[in-house]
Amino acid sequence: GAVVSQHPSWVICKSGTSVKIECRSLDFQATTMFWYRQFPKQSLMLMATSNEGSKATYEQGVEKDKFLINHASLTLSTLTVTSAHPEDSSFYICSARSINEQFFGPGTRLTVL
Amino acid sequence: QQQVKQSPQSLIVQKGGIPIINCAYENTAFDYFPWYQQFPGKGPALLIAIRPDVSEKKEGRFTISFNKSAKQFSLHIMDSQPGDSATYFCAASITGGGNKLTFGTGTQLKVEL
């Protein structure tokens, strides 16, 4: 099956710093990738849709200046959490679309101190 | 209109039992209904998916039942095992609508020996 990787798998940072999370489709090309956020014991919340070569589309209520998304190639999308604060601590998951299915990465646990 | 309601929130069954998880949707434009399995600290993995042109689909021990008129679908896990203990999410999307997934709230399943 299609494989999606994320790096790093976990990160701890100080309040006010920026953190970059990478999402890669390893064995297929993905023109569309998605970024989700998940709080403990809750469902996945779509943050944004990332299209290769164009600006990301953000869901209502998601600050585009805080969560910067870049989809520079058909196999790589990045999410940068700028000026992170403790309330940004969460589990961030990406997915990549192949035909009509989405394949999910393993997630990145972000802890902001 | 975009909600997918999932029940129960949690479920405990004995080994060999058949847990059933139910989902209901409102938007009749949804035409793709996947189920995902998520283990703690991991990304969701696609289990099985169905389209509205069939009423049932089986893959191994997993079966989806789909009732288009009632706008409901359910997941049955046959001969459940302790290794099936995980959180299960139903989802729905519109093909050609960017394939954005709308997730249910999740069901935490525990299979006891």
# chains A, B, ... in the order shown; residues from 1 in each chain; ligands from 1
call {"tool": "closest_atom_pairs", "arguments": {"of": "chain A", "to": "chain B", "cutoff": "7 Å", "atoms": "only C-alpha atoms", "output": "CSV"}}
result
residue,atom,partner,partner_atom,distance
A:Gln42,CA,B:Thr105,CA,6.7
A:Ser43,CA,B:Thr105,CA,5.1
A:Leu44,CA,B:Phe103,CA,6.8
A:Ile93,CA,B:Gly43,CA,6.5
A:Asn100,CA,B:Asn99,CA,6.8
A:Phe104,CA,B:Gly43,CA,5.9
A:Gly105,CA,B:Gly43,CA,5.6
A:Pro106,CA,B:Gly43,CA,4.2
A:Gly107,CA,B:Gly43,CA,5.3
call {"tool": "select_by_dssp", "arguments": {"residues": "segment 15-63 of chain A", "states": "strand (DSSP E or B)", "output": "mmCIF file with N, CA and C atoms, in the first residue's frame"}}
result
data_model
loop_
_atom_site.group_PDB
_atom_site.id
_atom_site.type_symbol
_atom_site.label_atom_id
_atom_site.label_comp_id
_atom_site.auth_asym_id
_atom_site.auth_seq_id
_atom_site.Cartn_x
_atom_site.Cartn_y
_atom_site.Cartn_z
ATOM 1 N N VAL A 19 8.433 25.573 14.570
ATOM 2 C CA VAL A 19 8.691 24.145 14.360
ATOM 3 C C VAL A 19 8.202 23.751 12.978
ATOM 4 N N LYS A 20 9.045 23.009 12.249
ATOM 5 C CA LYS A 20 8.662 22.547 10.914
ATOM 6 C C LYS A 20 8.438 21.046 10.940
ATOM 7 N N ILE A 21 7.325 20.606 10.366
ATOM 8 C CA ILE A 21 6.999 19.186 10.261
ATOM 9 C C ILE A 21 6.927 18.832 8.781
ATOM 10 N N GLU A 22 7.592 17.738 8.408
ATOM 11 C CA GLU A 22 7.608 17.300 7.017
ATOM 12 C C GLU A 22 6.686 16.104 6.811
ATOM 13 N N CYS A 23 6.042 16.092 5.666
ATOM 14 C CA CYS A 23 5.179 14.982 5.269
ATOM 15 C C CYS A 23 5.598 14.538 3.872
ATOM 16 N N ARG A 24 5.941 13.266 3.743
ATOM 17 C CA ARG A 24 6.404 12.757 2.451
ATOM 18 C C ARG A 24 5.591 11.545 2.017
ATOM 19 N N SER A 25 5.227 11.520 0.745
ATOM 20 C CA SER A 25 4.664 10.314 0.155
ATOM 21 C C SER A 25 5.834 9.548 -0.448
ATOM 22 N N THR A 32 -2.175 16.412 -3.877
ATOM 23 C CA THR A 32 -2.913 16.978 -2.745
ATOM 24 C C THR A 32 -2.521 16.276 -1.453
ATOM 25 N N MET A 33 -2.209 17.063 -0.464
ATOM 26 C CA MET A 33 -1.946 16.545 0.872
ATOM 27 C C MET A 33 -2.813 17.330 1.851
ATOM 28 N N PHE A 34 -3.101 16.714 2.960
ATOM 29 C CA PHE A 34 -3.964 17.326 3.967
ATOM 30 C C PHE A 34 -3.230 17.341 5.314
ATOM 31 N N TRP A 35 -3.518 18.363 6.093
ATOM 32 C CA TRP A 35 -2.959 18.448 7.449
ATOM 33 C C TRP A 35 -4.098 18.461 8.462
ATOM 34 N N TYR A 36 -3.945 17.598 9.460
ATOM 35 C CA TYR A 36 -4.947 17.468 10.510
ATOM 36 C C TYR A 36 -4.295 17.719 11.865
ATOM 37 N N ARG A 37 -5.159 18.039 12.808
ATOM 38 C CA ARG A 37 -4.746 18.200 14.189
ATOM 39 C C ARG A 37 -5.669 17.320 15.032
ATOM 40 N N GLN A 38 -5.089 16.653 16.018
ATOM 41 C CA GLN A 38 -5.897 15.774 16.854
ATOM 42 C C GLN A 38 -5.529 15.961 18.316
ATOM 43 N N LEU A 44 -10.087 13.686 14.316
ATOM 44 C CA LEU A 44 -9.165 14.477 13.521
ATOM 45 C C LEU A 44 -9.874 15.730 13.024
ATOM 46 N N MET A 45 -9.197 16.851 13.142
ATOM 47 C CA MET A 45 -9.739 18.108 12.656
ATOM 48 C C MET A 45 -8.900 18.575 11.466
ATOM 49 N N LEU A 46 -9.524 18.721 10.320
ATOM 50 C CA LEU A 46 -8.800 19.168 9.129
ATOM 51 C C LEU A 46 -8.379 20.617 9.315
ATOM 52 N N MET A 47 -7.091 20.862 9.115
ATOM 53 C CA MET A 47 -6.577 22.227 9.221
ATOM 54 C C MET A 47 -6.509 22.887 7.845
ATOM 55 N N ALA A 48 -5.970 22.155 6.880
ATOM 56 C CA ALA A 48 -5.763 22.764 5.576
ATOM 57 C C ALA A 48 -5.545 21.698 4.516
ATOM 58 N N THR A 49 -5.812 22.099 3.281
ATOM 59 C CA THR A 49 -5.555 21.264 2.115
ATOM 60 C C THR A 49 -4.397 21.887 1.360
ATOM 61 N N SER A 50 -3.399 21.062 1.078
ATOM 62 C CA SER A 50 -2.176 21.532 0.456
ATOM 63 C C SER A 50 -2.087 20.995 -0.968
ATOM 64 N N ASN A 51 -2.033 21.889 -1.937
ATOM 65 C CA ASN A 51 -1.920 21.489 -3.333
ATOM 66 C C ASN A 51 -0.559 21.870 -3.891
ATOM 67 N N THR A 57 -5.222 25.776 1.126
ATOM 68 C CA THR A 57 -6.567 26.230 1.478
ATOM 69 C C THR A 57 -6.814 25.874 2.934
ATOM 70 N N TYR A 58 -7.072 26.868 3.756
ATOM 71 C CA TYR A 58 -7.228 26.654 5.183
ATOM 72 C C TYR A 58 -8.702 26.539 5.563
#
call {"tool": "residues_around", "arguments": {"residues": "Ala2 of chain A", "least_positions_apart": "3", "cutoff": "10 Å", "atoms": "only C-alpha atoms", "output": "list in words"}}
result
Ser25, Leu26, Asp27, Phe28, Gln29, Ala96, Arg97, Ser98, Glu101, Gln102, Phe103 and Phe104 of chain A
call {"tool": "atom_distance", "arguments": {"atom1": "atom CA of Lys58 of chain B", "atom2": "atom CA of Ile12 of chain B"}}
result
22.4 Å
call {"tool": "residues_around", "arguments": {"residues": "Leu11 of chain B", "least_positions_apart": "3", "cutoff": "7 Å", "atoms": "only C-alpha atoms", "output": "PyMOL selection string"}}
result
chain B and resi 8+108-110
call {"tool": "write_last_selection", "arguments": {"atoms": "all heavy atoms", "output": "JSON list (two decimals), in the first residue's frame"}}
result
[["chain", "number", "residue", "atom", "x", "y", "z"],
["B", 8, "PRO", "N", -21.25, 3.77, 19.26],
["B", 8, "PRO", "CA", -21.11, 4.44, 20.54],
["B", 8, "PRO", "C", -19.75, 5.12, 20.68],
["B", 8, "PRO", "O", -18.88, 4.94, 19.83],
["B", 8, "PRO", "CB", -21.22, 3.28, 21.54],
["B", 8, "PRO", "CG", -20.61, 2.13, 20.80],
["B", 8, "PRO", "CD", -20.98, 2.32, 19.36],
["B", 108, "GLN", "N", -13.93, 4.12, 20.79],
["B", 108, "GLN", "CA", -12.81, 3.41, 21.41],
["B", 108, "GLN", "C", -13.26, 1.99, 21.74],
["B", 108, "GLN", "O", -14.15, 1.78, 22.57],
["B", 108, "GLN", "CB", -12.40, 4.15, 22.69],
["B", 108, "GLN", "CG", -11.04, 3.78, 23.21],
["B", 108, "GLN", "CD", -10.51, 4.77, 24.23],
["B", 108, "GLN", "OE1", -11.17, 5.75, 24.57],
["B", 108, "GLN", "NE2", -9.34, 4.51, 24.74],
["B", 109, "LEU", "N", -12.65, 1.03, 21.05],
["B", 109, "LEU", "CA", -13.03, -0.38, 21.21],
["B", 109, "LEU", "C", -12.00, -1.10, 22.07],
["B", 109, "LEU", "O", -10.79, -0.99, 21.84],
["B", 109, "LEU", "CB", -13.12, -1.06, 19.85],
["B", 109, "LEU", "CG", -13.30, -2.59, 19.87],
["B", 109, "LEU", "CD1", -14.65, -2.97, 20.47],
["B", 109, "LEU", "CD2", -13.14, -3.17, 18.47],
["B", 110, "LYS", "N", -12.50, -1.86, 23.03],
["B", 110, "LYS", "CA", -11.62, -2.74, 23.80],
["B", 110, "LYS", "C", -12.16, -4.16, 23.70],
["B", 110, "LYS", "O", -13.34, -4.41, 23.97],
["B", 110, "LYS", "CB", -11.58, -2.31, 25.27],
["B", 110, "LYS", "CG", -10.62, -3.13, 26.11],
["B", 110, "LYS", "CD", -10.52, -2.60, 27.53],
["B", 110, "LYS", "CE", -9.53, -3.42, 28.35],
["B", 110, "LYS", "NZ", -9.43, -2.92, 29.75]]
call {"tool": "decode", "arguments": {"residues": "segment 25-46 of chain A", "atoms": "N, CA, C and O atoms", "output": "PDB file, in the first residue's frame"}}
result
ATOM      1  N   SER A  25       5.227  11.520   0.745  1.00  0.00           N
ATOM      2  CA  SER A  25       4.664  10.314   0.155  1.00  0.00           C
ATOM      3  C   SER A  25       5.834   9.548  -0.448  1.00  0.00           C
ATOM      4  O   SER A  25       6.555  10.059  -1.293  1.00  0.00           O
ATOM      5  N   LEU A  26       6.052   8.327   0.027  1.00  0.00           N
ATOM      6  CA  LEU A  26       7.289   7.614  -0.296  1.00  0.00           C
ATOM      7  C   LEU A  26       7.243   6.840  -1.605  1.00  0.00           C
ATOM      8  O   LEU A  26       8.267   6.673  -2.267  1.00  0.00           O
ATOM      9  N   ASP A  27       6.094   6.350  -1.988  1.00  0.00           N
ATOM     10  CA  ASP A  27       6.051   5.504  -3.180  1.00  0.00           C
ATOM     11  C   ASP A  27       4.981   5.933  -4.175  1.00  0.00           C
ATOM     12  O   ASP A  27       4.581   5.162  -5.038  1.00  0.00           O
ATOM     13  N   PHE A  28       4.509   7.171  -4.031  1.00  0.00           N
ATOM     14  CA  PHE A  28       3.562   7.685  -5.013  1.00  0.00           C
ATOM     15  C   PHE A  28       3.641   9.209  -4.997  1.00  0.00           C
ATOM     16  O   PHE A  28       4.154   9.816  -4.058  1.00  0.00           O
ATOM     17  N   GLN A  29       3.137   9.804  -6.051  1.00  0.00           N
ATOM     18  CA  GLN A  29       3.106  11.252  -6.122  1.00  0.00           C
ATOM     19  C   GLN A  29       1.738  11.750  -5.681  1.00  0.00           C
ATOM     20  O   GLN A  29       0.708  11.185  -6.041  1.00  0.00           O
ATOM     21  N   ALA A  30       1.753  12.794  -4.899  1.00  0.00           N
ATOM     22  CA  ALA A  30       0.506  13.313  -4.335  1.00  0.00           C
ATOM     23  C   ALA A  30       0.364  14.794  -4.666  1.00  0.00           C
ATOM     24  O   ALA A  30       1.097  15.624  -4.130  1.00  0.00           O
ATOM     25  N   THR A  31      -0.563  15.100  -5.555  1.00  0.00           N
ATOM     26  CA  THR A  31      -0.801  16.508  -5.857  1.00  0.00           C
ATOM     27  C   THR A  31      -1.513  17.200  -4.699  1.00  0.00           C
ATOM     28  O   THR A  31      -1.455  18.415  -4.573  1.00  0.00           O
ATOM     29  N   THR A  32      -2.175  16.412  -3.877  1.00  0.00           N
ATOM     30  CA  THR A  32      -2.913  16.978  -2.745  1.00  0.00           C
ATOM     31  C   THR A  32      -2.521  16.276  -1.453  1.00  0.00           C
ATOM     32  O   THR A  32      -2.508  15.045  -1.402  1.00  0.00           O
ATOM     33  N   MET A  33      -2.209  17.063  -0.464  1.00  0.00           N
ATOM     34  CA  MET A  33      -1.946  16.545   0.872  1.00  0.00           C
ATOM     35  C   MET A  33      -2.813  17.330   1.851  1.00  0.00           C
ATOM     36  O   MET A  33      -3.219  18.464   1.565  1.00  0.00           O
ATOM     37  N   PHE A  34      -3.101  16.714   2.960  1.00  0.00           N
ATOM     38  CA  PHE A  34      -3.964  17.326   3.967  1.00  0.00           C
ATOM     39  C   PHE A  34      -3.230  17.341   5.314  1.00  0.00           C
ATOM     40  O   PHE A  34      -2.472  16.429   5.627  1.00  0.00           O
ATOM     41  N   TRP A  35      -3.518  18.363   6.093  1.00  0.00           N
ATOM     42  CA  TRP A  35      -2.959  18.448   7.449  1.00  0.00           C
ATOM     43  C   TRP A  35      -4.098  18.461   8.462  1.00  0.00           C
ATOM     44  O   TRP A  35      -5.073  19.213   8.324  1.00  0.00           O
ATOM     45  N   TYR A  36      -3.945  17.598   9.460  1.00  0.00           N
ATOM     46  CA  TYR A  36      -4.947  17.468  10.510  1.00  0.00           C
ATOM     47  C   TYR A  36      -4.295  17.719  11.865  1.00  0.00           C
ATOM     48  O   TYR A  36      -3.090  17.563  12.056  1.00  0.00           O
ATOM     49  N   ARG A  37      -5.159  18.039  12.808  1.00  0.00           N
ATOM     50  CA  ARG A  37      -4.746  18.200  14.189  1.00  0.00           C
ATOM     51  C   ARG A  37      -5.669  17.320  15.032  1.00  0.00           C
ATOM     52  O   ARG A  37      -6.880  17.241  14.755  1.00  0.00           O
ATOM     53  N   GLN A  38      -5.089  16.653  16.018  1.00  0.00           N
ATOM     54  CA  GLN A  38      -5.897  15.774  16.854  1.00  0.00           C
ATOM     55  C   GLN A  38      -5.529  15.961  18.316  1.00  0.00           C
ATOM     56  O   GLN A  38      -4.367  15.777  18.698  1.00  0.00           O
ATOM     57  N   PHE A  39      -6.511  16.304  19.123  1.00  0.00           N
ATOM     58  CA  PHE A  39      -6.324  16.398  20.567  1.00  0.00           C
ATOM     59  C   PHE A  39      -6.639  15.043  21.184  1.00  0.00           C
ATOM     60  O   PHE A  39      -7.342  14.216  20.579  1.00  0.00           O
ATOM     61  N   PRO A  40      -6.125  14.788  22.405  1.00  0.00           N
ATOM     62  CA  PRO A  40      -6.322  13.476  23.035  1.00  0.00           C
ATOM     63  C   PRO A  40      -7.786  13.058  23.077  1.00  0.00           C
ATOM     64  O   PRO A  40      -8.659  13.838  23.451  1.00  0.00           O
ATOM     65  N   LYS A  41      -8.031  11.839  22.687  1.00  0.00           N
ATOM     66  CA  LYS A  41      -9.349  11.225  22.708  1.00  0.00           C
ATOM     67  C   LYS A  41     -10.375  11.985  21.881  1.00  0.00           C
ATOM     68  O   LYS A  41     -11.581  11.917  22.141  1.00  0.00           O
ATOM     69  N   GLN A  42      -9.896  12.711  20.869  1.00  0.00           N
ATOM     70  CA  GLN A  42     -10.812  13.417  19.980  1.00  0.00           C
ATOM     71  C   GLN A  42     -10.579  12.998  18.536  1.00  0.00           C
ATOM     72  O   GLN A  42      -9.639  12.267  18.228  1.00  0.00           O
ATOM     73  N   SER A  43     -11.460  13.462  17.683  1.00  0.00           N
ATOM     74  CA  SER A  43     -11.363  13.110  16.279  1.00  0.00           C
ATOM     75  C   SER A  43     -10.321  13.970  15.569  1.00  0.00           C
ATOM     76  O   SER A  43      -9.749  14.887  16.165  1.00  0.00           O
ATOM     77  N   LEU A  44     -10.087  13.686  14.316  1.00  0.00           N
ATOM     78  CA  LEU A  44      -9.165  14.477  13.521  1.00  0.00           C
ATOM     79  C   LEU A  44      -9.874  15.730  13.024  1.00  0.00           C
ATOM     80  O   LEU A  44     -10.996  15.666  12.524  1.00  0.00           O
ATOM     81  N   MET A  45      -9.197  16.851  13.142  1.00  0.00           N
ATOM     82  CA  MET A  45      -9.739  18.108  12.656  1.00  0.00           C
ATOM     83  C   MET A  45      -8.900  18.575  11.466  1.00  0.00           C
ATOM     84  O   MET A  45      -7.686  18.781  11.609  1.00  0.00           O
ATOM     85  N   LEU A  46      -9.524  18.721  10.320  1.00  0.00           N
ATOM     86  CA  LEU A  46      -8.800  19.168   9.129  1.00  0.00           C
ATOM     87  C   LEU A  46      -8.379  20.617   9.315  1.00  0.00           C
ATOM     88  O   LEU A  46      -9.209  21.480   9.629  1.00  0.00           O
TER      89      LEU A  46
END
